[in-house]
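Here is the file model-v8.txt (compact mmCIF, C-alpha atoms).
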# COMPACT_ATOMS: atom_id res chain seq x y z
CA MET E 1018 31.90 -13.57 -25.92
CA ASN E 1019 29.75 -16.57 -25.11
CA PHE E 1020 27.82 -15.93 -21.88
CA GLU E 1021 25.78 -18.72 -20.31
CA PRO E 1022 23.49 -17.68 -17.43
CA ALA E 1023 23.58 -19.85 -14.32
CA LEU E 1024 20.42 -21.61 -13.14
CA SER E 1025 21.45 -21.61 -9.48
CA PRO E 1026 23.43 -19.20 -7.24
CA LYS E 1027 25.22 -22.12 -5.57
CA VAL E 1028 28.99 -21.89 -6.07
CA GLU E 1029 30.18 -25.45 -6.57
CA SER E 1030 33.54 -24.71 -8.19
CA PRO E 1031 36.05 -21.86 -7.96
CA PRO E 1032 35.33 -18.98 -10.37
CA SER E 1033 37.71 -18.29 -13.24
CA TRP E 1034 36.69 -14.63 -13.55
CA LEU E 1035 35.34 -11.99 -11.19
CA ILE E 1036 33.41 -8.77 -11.55
CA LEU E 1037 34.50 -6.77 -8.51
CA ILE E 1038 32.04 -4.35 -6.91
CA CYS E 1039 32.23 -1.82 -4.10
CA GLY E 1040 29.04 0.08 -3.43
CA LYS E 1041 27.90 1.40 -6.82
CA GLN E 1042 31.37 1.14 -8.35
CA ILE E 1043 32.93 -1.56 -10.50
CA LEU E 1044 36.60 -2.36 -11.07
CA VAL E 1045 37.40 -1.61 -14.69
CA SER E 1046 40.58 -1.44 -16.74
CA GLN E 1047 41.90 2.11 -17.10
CA CYS E 1048 41.11 2.07 -20.81
CA SER E 1049 37.50 1.17 -19.84
CA THR E 1050 37.33 -1.92 -22.04
CA GLU E 1051 37.44 -4.76 -19.51
CA VAL E 1052 35.58 -5.69 -16.31
CA LEU E 1053 36.40 -9.40 -16.08
CA PHE E 1054 39.23 -9.89 -13.61
CA PRO E 1055 41.16 -13.18 -13.28
CA ALA E 1056 40.09 -14.86 -10.05
CA ASP E 1057 43.51 -16.41 -9.46
CA SER E 1058 45.12 -12.93 -9.38
CA ILE E 1059 43.57 -12.14 -6.00
CA GLU E 1060 44.83 -13.99 -2.95
CA SER E 1061 42.43 -12.78 -0.27
CA LEU E 1062 39.56 -10.32 -0.06
CA ASN E 1063 37.11 -9.37 2.66
CA ILE E 1064 34.09 -10.52 0.65
CA VAL E 1065 30.69 -9.13 1.64
CA PHE E 1066 28.72 -10.93 -1.08
CA GLN E 1067 29.52 -13.43 -3.82
CA HIS E 1068 27.15 -14.63 -6.50
CA ARG E 1069 27.52 -16.96 -9.47
CA LEU E 1070 26.58 -15.05 -12.62
CA GLY E 1071 27.10 -17.81 -15.14
CA ALA E 1072 29.87 -18.67 -17.54
CA VAL E 1073 31.94 -16.88 -20.13
CA ASN E 1074 33.35 -19.24 -22.74
CA GLN E 1075 32.71 -22.12 -20.32
CA GLN E 1076 34.68 -20.34 -17.57
CA HIS E 1077 32.80 -19.63 -14.30
CA LEU E 1078 32.03 -15.99 -13.55
CA ASP E 1079 31.17 -14.54 -10.12
CA ALA E 1080 30.12 -11.14 -8.85
CA VAL E 1081 32.14 -10.26 -5.74
CA VAL E 1082 31.39 -7.35 -3.41
CA ILE E 1083 34.05 -5.95 -1.07
CA ASP E 1084 33.85 -3.40 1.75
CA ASN E 1085 35.94 -0.51 0.43
CA THR E 1086 37.94 0.46 -2.63
CA GLU E 1087 41.12 0.86 -0.60
CA GLU E 1088 41.12 -2.90 -0.04
CA LEU E 1089 41.98 -3.49 -3.68
CA SER E 1090 44.35 -1.34 -5.71
CA ILE E 1091 45.78 -2.92 -8.86
CA GLU E 1092 47.97 -1.24 -11.45
CA GLY E 1093 46.10 -0.68 -14.69
CA TRP E 1094 42.68 -0.94 -13.04
CA GLU E 1095 40.44 1.68 -11.40
CA TRP E 1096 37.03 2.01 -9.75
CA ALA E 1097 34.28 3.58 -11.85
CA ASN E 1098 30.52 4.10 -11.82
CA LEU E 1099 28.75 1.87 -14.33
CA ARG E 1100 26.71 4.78 -15.72
CA ASP E 1101 29.97 6.47 -16.76
CA LEU E 1102 30.84 3.36 -18.79
CA LEU E 1103 27.63 3.51 -20.84
CA GLY E 1104 28.62 3.67 -24.49
CA VAL E 1105 32.28 3.10 -23.60
CA LEU E 1106 32.35 -0.46 -22.31
CA HIS E 1107 31.68 -3.20 -24.86
CA GLU E 1108 27.92 -3.93 -24.73
CA PRO E 1109 28.09 -7.61 -23.58
CA LEU E 1110 30.47 -6.59 -20.76
CA PHE E 1111 28.22 -3.66 -19.83
CA HIS E 1112 25.24 -6.02 -19.47
CA LEU E 1113 27.32 -8.45 -17.40
CA ALA E 1114 28.46 -5.64 -15.11
CA GLY E 1115 24.89 -4.40 -14.82
CA ARG E 1116 23.72 -7.89 -13.92
CA ALA E 1117 26.37 -8.07 -11.20
CA LEU E 1118 25.41 -4.68 -9.75
CA GLN E 1119 21.73 -5.60 -9.67
CA PHE E 1120 22.38 -8.80 -7.70
CA SER E 1121 24.64 -6.85 -5.34
CA TYR E 1122 22.01 -4.15 -4.79
CA TRP E 1123 19.26 -6.73 -4.22
CA ASP E 1124 21.36 -8.58 -1.63
CA LYS E 1125 22.23 -5.36 0.23
CA THR E 1126 18.60 -4.16 0.40
CA HIS E 1127 17.07 -7.50 1.47
CA GLN E 1128 19.00 -8.31 4.63
CA TYR E 1129 15.78 -8.22 6.68
CA CYS E 1130 12.28 -9.53 6.11
CA GLY E 1131 9.61 -7.02 5.12
CA GLN E 1132 6.90 -9.19 6.71
CA CYS E 1133 8.23 -9.93 10.21
CA GLY E 1134 11.54 -8.04 10.43
CA GLY E 1135 13.66 -11.16 10.86
CA ALA E 1136 17.14 -11.52 9.39
CA THR E 1137 17.41 -13.18 5.98
CA ILE E 1138 20.01 -15.63 4.74
CA PRO E 1139 20.94 -16.88 1.24
CA ALA E 1140 18.64 -19.75 0.29
CA ASP E 1141 20.05 -23.08 -0.84
CA GLU E 1142 18.02 -23.12 -4.05
CA TYR E 1143 17.39 -20.55 -6.75
CA ARG E 1144 18.40 -16.90 -6.45
CA SER E 1145 16.70 -15.89 -3.24
CA ARG E 1146 17.11 -14.92 0.38
CA MET E 1147 14.97 -16.53 3.06
CA CYS E 1148 13.75 -15.15 6.35
CA MET E 1149 15.03 -17.26 9.23
CA ARG E 1150 11.90 -16.53 11.26
CA CYS E 1151 8.91 -16.86 8.90
CA GLU E 1152 10.67 -18.57 5.95
CA LEU E 1153 9.44 -16.00 3.43
CA HIS E 1154 11.60 -15.94 0.28
CA PHE E 1155 12.82 -12.80 -1.45
CA TYR E 1156 13.88 -12.86 -5.10
CA PRO E 1157 15.87 -10.29 -7.07
CA ARG E 1158 13.62 -7.34 -7.83
CA LEU E 1159 13.07 -6.22 -11.40
CA SER E 1160 10.92 -3.17 -12.17
CA PRO E 1161 9.29 -3.10 -15.63
CA CYS E 1162 9.31 0.31 -17.30
CA VAL E 1163 8.01 1.68 -20.57
CA ILE E 1164 9.88 4.05 -22.85
CA GLY E 1165 8.85 5.21 -26.28
CA LEU E 1166 9.15 7.61 -29.18
CA ILE E 1167 6.11 9.65 -30.18
CA HIS E 1168 6.16 10.51 -33.88
CA ASP E 1169 4.09 12.46 -36.39
CA GLY E 1170 5.52 11.98 -39.85
CA LYS E 1171 8.92 13.65 -39.91
CA ARG E 1172 8.43 15.06 -36.42
CA CYS E 1173 9.42 13.47 -33.11
CA LEU E 1174 8.26 14.62 -29.71
CA LEU E 1175 11.29 14.72 -27.41
CA ALA E 1176 11.50 15.88 -23.80
CA ARG E 1177 14.13 17.00 -21.31
CA ASN E 1178 14.00 15.34 -17.93
CA VAL E 1179 14.82 17.35 -14.84
CA ARG E 1180 18.02 15.28 -14.46
CA HIS E 1181 19.23 15.96 -18.00
CA PRO E 1182 21.63 18.80 -18.81
CA ALA E 1183 20.39 21.74 -20.85
CA GLY E 1184 20.04 20.87 -24.52
CA ARG E 1185 19.74 17.09 -24.13
CA PHE E 1186 16.37 15.62 -25.09
CA SER E 1187 15.12 12.07 -24.93
CA THR E 1188 12.01 9.90 -25.17
CA ILE E 1189 9.22 9.55 -22.61
CA ALA E 1190 9.59 6.85 -19.95
CA GLY E 1191 8.00 5.67 -16.72
CA PHE E 1192 7.17 2.72 -14.48
CA ILE E 1193 4.31 0.32 -15.13
CA GLU E 1194 1.72 0.47 -12.35
CA PRO E 1195 -0.20 -2.52 -10.95
CA GLY E 1196 -3.07 -3.59 -13.19
CA GLU E 1197 -1.72 -1.90 -16.33
CA THR E 1198 -0.58 -3.34 -19.61
CA ALA E 1199 2.68 -1.93 -20.94
CA GLU E 1200 0.74 -0.07 -23.67
CA GLN E 1201 -1.65 1.48 -21.15
CA ALA E 1202 1.28 2.54 -19.00
CA PHE E 1203 3.00 4.28 -21.90
CA ALA E 1204 -0.17 6.16 -22.93
CA ARG E 1205 -0.66 7.28 -19.31
CA GLU E 1206 2.96 8.40 -18.89
CA VAL E 1207 2.77 10.43 -22.10
CA ARG E 1208 -0.49 12.05 -21.00
CA GLU E 1209 0.84 12.86 -17.52
CA GLU E 1210 4.28 14.13 -18.53
CA VAL E 1211 3.68 16.03 -21.78
CA GLY E 1212 -0.14 16.27 -22.05
CA VAL E 1213 -0.71 14.70 -25.47
CA GLN E 1214 -2.55 11.60 -26.65
CA VAL E 1215 -1.05 8.74 -28.63
CA LYS E 1216 -2.38 5.88 -30.76
CA ASN E 1217 -1.11 2.75 -32.53
CA ILE E 1218 1.37 1.92 -29.75
CA ARG E 1219 3.75 -0.73 -31.08
CA TYR E 1220 6.35 -2.71 -29.15
CA ALA E 1221 9.88 -2.38 -30.56
CA PHE E 1222 12.51 -4.00 -28.28
CA SER E 1223 13.75 -4.05 -24.69
CA GLN E 1224 16.89 -3.29 -22.70
CA PRO E 1225 17.99 -4.15 -19.14
CA TRP E 1226 18.74 -0.96 -17.23
CA PRO E 1227 20.70 -1.55 -14.02
CA PHE E 1228 20.09 1.82 -12.30
CA PRO E 1229 19.27 0.13 -10.03
CA GLY E 1230 17.08 -2.62 -11.54
CA GLN E 1231 14.72 -1.89 -14.43
CA LEU E 1232 13.71 -3.65 -17.63
CA MET E 1233 12.95 -1.02 -20.26
CA LEU E 1234 10.22 -2.00 -22.75
CA GLY E 1235 10.56 0.16 -25.86
CA PHE E 1236 7.65 1.39 -28.01
CA TYR E 1237 6.76 3.57 -30.96
CA ALA E 1238 3.50 5.53 -30.90
CA GLU E 1239 1.72 7.88 -33.28
CA TYR E 1240 0.63 11.34 -32.19
CA ALA E 1241 -3.16 11.44 -31.74
CA GLY E 1242 -3.79 15.01 -30.57
CA GLY E 1243 -3.35 17.58 -27.84
CA GLU E 1244 -0.97 20.42 -27.07
CA ILE E 1245 2.30 19.89 -25.24
CA GLN E 1246 1.98 20.70 -21.54
CA VAL E 1247 4.93 19.51 -19.46
CA ASP E 1248 4.31 18.45 -15.88
CA ASN E 1249 7.27 20.49 -14.53
CA ILE E 1250 7.97 17.64 -12.12
CA GLU E 1251 9.80 15.04 -14.17
CA ILE E 1252 9.74 16.87 -17.52
CA ILE E 1253 10.76 20.52 -17.67
CA GLU E 1254 10.90 21.00 -21.44
CA ALA E 1255 9.42 19.26 -24.50
CA ASP E 1256 8.95 20.06 -28.17
CA TRP E 1257 8.50 18.66 -31.66
CA PHE E 1258 11.71 18.21 -33.67
CA ASP E 1259 12.17 17.50 -37.36
CA ILE E 1260 14.23 14.36 -37.94
CA ASP E 1261 16.71 16.46 -39.94
CA ASN E 1262 17.18 18.93 -37.10
CA LEU E 1263 17.31 16.91 -33.88
CA PRO E 1264 18.76 18.24 -30.63
CA GLN E 1265 21.37 16.39 -28.60
CA THR E 1266 19.96 12.92 -27.86
CA PRO E 1267 21.15 9.88 -25.86
CA PRO E 1268 23.77 7.58 -27.41
CA GLU E 1269 22.74 4.55 -29.44
CA SER E 1270 23.89 2.30 -26.59
CA THR E 1271 20.71 3.35 -24.75
CA ILE E 1272 17.25 2.21 -25.74
CA SER E 1273 16.07 5.81 -26.13
CA GLY E 1274 18.92 6.62 -28.49
CA LEU E 1275 18.27 3.48 -30.50
CA LEU E 1276 14.53 4.19 -30.79
CA ILE E 1277 15.27 7.66 -32.15
CA ARG E 1278 17.93 6.55 -34.61
CA GLU E 1279 15.93 3.63 -35.98
CA TYR E 1280 12.90 5.83 -36.59
CA VAL E 1281 14.99 8.48 -38.34
CA GLN E 1282 16.53 5.83 -40.57
CA LYS E 1283 13.12 4.34 -41.39
CA VAL E 1284 11.62 7.72 -42.41
CA ARG E 1285 14.62 8.57 -44.57
CA GLU E 1286 14.46 5.21 -46.32
CA GLN E 1287 10.81 5.85 -47.19
CA LYS E 1288 11.62 9.06 -49.09

Could you rewrite the structure in this file as structure tokens?
Amino acid sequence: MNFEPALSPKVESPPSWLILICGKQILVSQCSTEVLFPADSIESLNIVFQHRLGAVNQQHLDAVVIDNTEELSIEGWEWANLRDLLGVLHEPLFHLAGRALQFSYWDKTHQYCGQCGGATIPADEYRSRMCMRCELHFYPRLSPCVIGLIHDGKRCLLARNVRHPAGRFSTIAGFIEPGETAEQAFAREVREEVGVQVKNIRYAFSQPWPFPGQLMLGFYAEYAGGEIQVDNIEIIEADWFDIDNLPQTPPESTISGLLIREYVQKVREQK
């Protein structure tokens, strides 16, 4: 799939494909392998929001939001939460669907100006909404987050978030605060959530995370000292695990799962 991002939200030609959204749900094929719907297959919809996402194989692609799922019922297609499609939907399609949901969420939550309270309207240029009263522009919000694997030789420190089911462990993550570098933010999150110190923090890779609008910056860090003390707010359980005896971890389609698997592979190759 060749995806070309658009430089402007202006829709100057009819879309060839649609990603259909209702609330937090996306229309997906019942085998959960497709989210691009032919635009010419839909005669009329009560569209709440429409946004040009870019192009797929030189064909225009739009995100389209409708009022309710009952408005559109098509054989072979069903409404699903994007999180449930993680690891199921082909990765390029998952990122496209996530992009569509993030624009939809931004539009829904920026109908009014945070400065003067006036109504906002789509701006003619760029991806923004503009206040009709004070002309302040609002752009799609993206929250940078850090996530990383703490390691000590063959051991990895993994934690269970309060939202995770029993037995599932993952890496440490959190939001970057104003004035922090990404490395400082990761060291602080580790200290606050599990009580240990880290050193030699190294950037690995990143992943967009559309729940609702984060960019996850992935790191590796060496253990530098301290005993595990969970905060019992976000983290309710944490421990050291040998790479040959890991608990249930996130799938490789997530940045946390990929960080864990790449480190395990690296250590085993060094034997």

Of E:His1168, E:Glu1108, E:Pro1225, E:Thr1086, the one sitting nearest Lys1283 of chain E when using all atoms listed in the file is E:His1168

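Of the residues listed (E:Ala1136, E:Ile1043, E:Ile1245, E:Ala1204), E:Ile1043 shows the shortest atom-to-atom separation from Asn1098 of chain E; distances use only C-alpha atoms.
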
Selection: 12 Å around Asn1063 of chain E, all atoms listed in the file, excl. self and same-chain fewer than 2 positions, as an NGL selection string = :E and (1037-1039 or 1059-1061 or 1065-1067 or 1081-1089)

Between atom CA of Ser1160 of chain E and atom CA of Arg1208 of chain E, what is the distance, to one decimal in Å?
-> 21.0 Å

Atom CA of Trp1096 of chain E to atom CA of Gln1042 of chain E, straight-line distance in Å = 5.9 Å

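The gap separating atom CA of Phe1111 of chain E from atom CA of Cys1048 of chain E is 14.1 Å, in Å to one decimal.
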
If we count only C-alpha atoms, what is near Pro1161 of chain E at a cut-off of 10 Å, once residues fewer than 2 positions away on the same chain are taken out, given as number ranges by chain?
-> E: 1158-1159, 1163, 1191-1194, 1199, 1225-1226, 1230-1234

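For the choices E:Leu1053, E:Leu1166, E:Ile1260, E:Val1213, the atom-to-atom distance to Val1281 of chain E is smallest for E:Ile1260 when using all atoms listed in the file.
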
Just want the 10 Å neighbourhood of Ala1140 of chain E, counted on only C-alpha atoms, with same-chain residues fewer than 5 positions away dropped. Output as a PDB file with C-alpha atoms, keeping the file's coordinate frame.
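Writing done, so here's out01.pdb:
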ATOM      1  CA  PRO E1026      23.430 -19.200  -7.240  1.00  0.00           C
ATOM      2  CA  LYS E1027      25.220 -22.120  -5.570  1.00  0.00           C
ATOM      3  CA  SER E1145      16.700 -15.890  -3.240  1.00  0.00           C
ATOM      4  CA  ARG E1146      17.110 -14.920   0.380  1.00  0.00           C
ATOM      5  CA  MET E1147      14.970 -16.530   3.060  1.00  0.00           C
ATOM      6  CA  CYS E1148      13.750 -15.150   6.350  1.00  0.00           C
ATOM      7  CA  MET E1149      15.030 -17.260   9.230  1.00  0.00           C
ATOM      8  CA  GLU E1152      10.670 -18.570   5.950  1.00  0.00           C
ATOM      9  CA  HIS E1154      11.600 -15.940   0.280  1.00  0.00           C
ATOM     10  CA  PHE E1155      12.820 -12.800  -1.450  1.00  0.00           C
ATOM     11  CA  TYR E1156      13.880 -12.860  -5.100  1.00  0.00           C
TER      12      TYR E1156
END

To box segment 1151-1160 of chain E, take all atoms listed in the file, fit an axis-aligned box, add 6 Å on each side, and give centre and edge lengths in Å to one decimal, as JSON.
{"center_x": 12.4, "center_y": -10.9, "center_z": -1.6, "size_x": 19.0, "size_y": 27.4, "size_z": 33.1}

Excluding same-chain residues fewer than 2 positions from Tyr1122 of chain E, what lies within 9 Å of it counting only C-alpha atoms, as a PyMOL selection string?
-> chain E and resi 1040-1041+1117-1120+1124-1127+1157+1229-1230

Residue neighbourhood Leu1174 of chain E, 8 Å, all atoms listed in the file, exclusion window fewer than 6 positions, as JSON, numbers by chain = {"E": [1166, 1167, 1168, 1188, 1255, 1256, 1257, 1258]}

From the list E:Ile1036, E:Leu1070, E:Ile1091, E:Ala1221, the nearest residue to Ala1114 of chain E using only C-alpha atoms is E:Ile1036

For Arg1100 of chain E, which residue among E:Gly1243, E:Pro1055, E:Pro1227, E:Pro1267 is the nearest when counting all atoms listed in the file?
-> E:Pro1227

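Residue nearest Ile1277 of chain E, chosen from E:Pro1031, E:Pro1139, E:Gly1165, E:Gly1242 and counting all atoms listed in the file: E:Gly1165.
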
Please determine the residues with any atom at most 12 Å from (23.4, 7.8, -24.7) (coordinates as given in the file, with all atoms listed in the file counting) and report them as a list in words.
-> Arg1100, Asp1101, Leu1102, Leu1103, Gly1104, Val1105, His1181, Arg1185, Phe1186, Ser1187, Thr1188, Gln1265, Thr1266, Pro1267, Pro1268, Glu1269, Ser1270, Thr1271, Ile1272, Ser1273, Gly1274, Leu1275, Leu1276, Ile1277 and Arg1278 of chain E
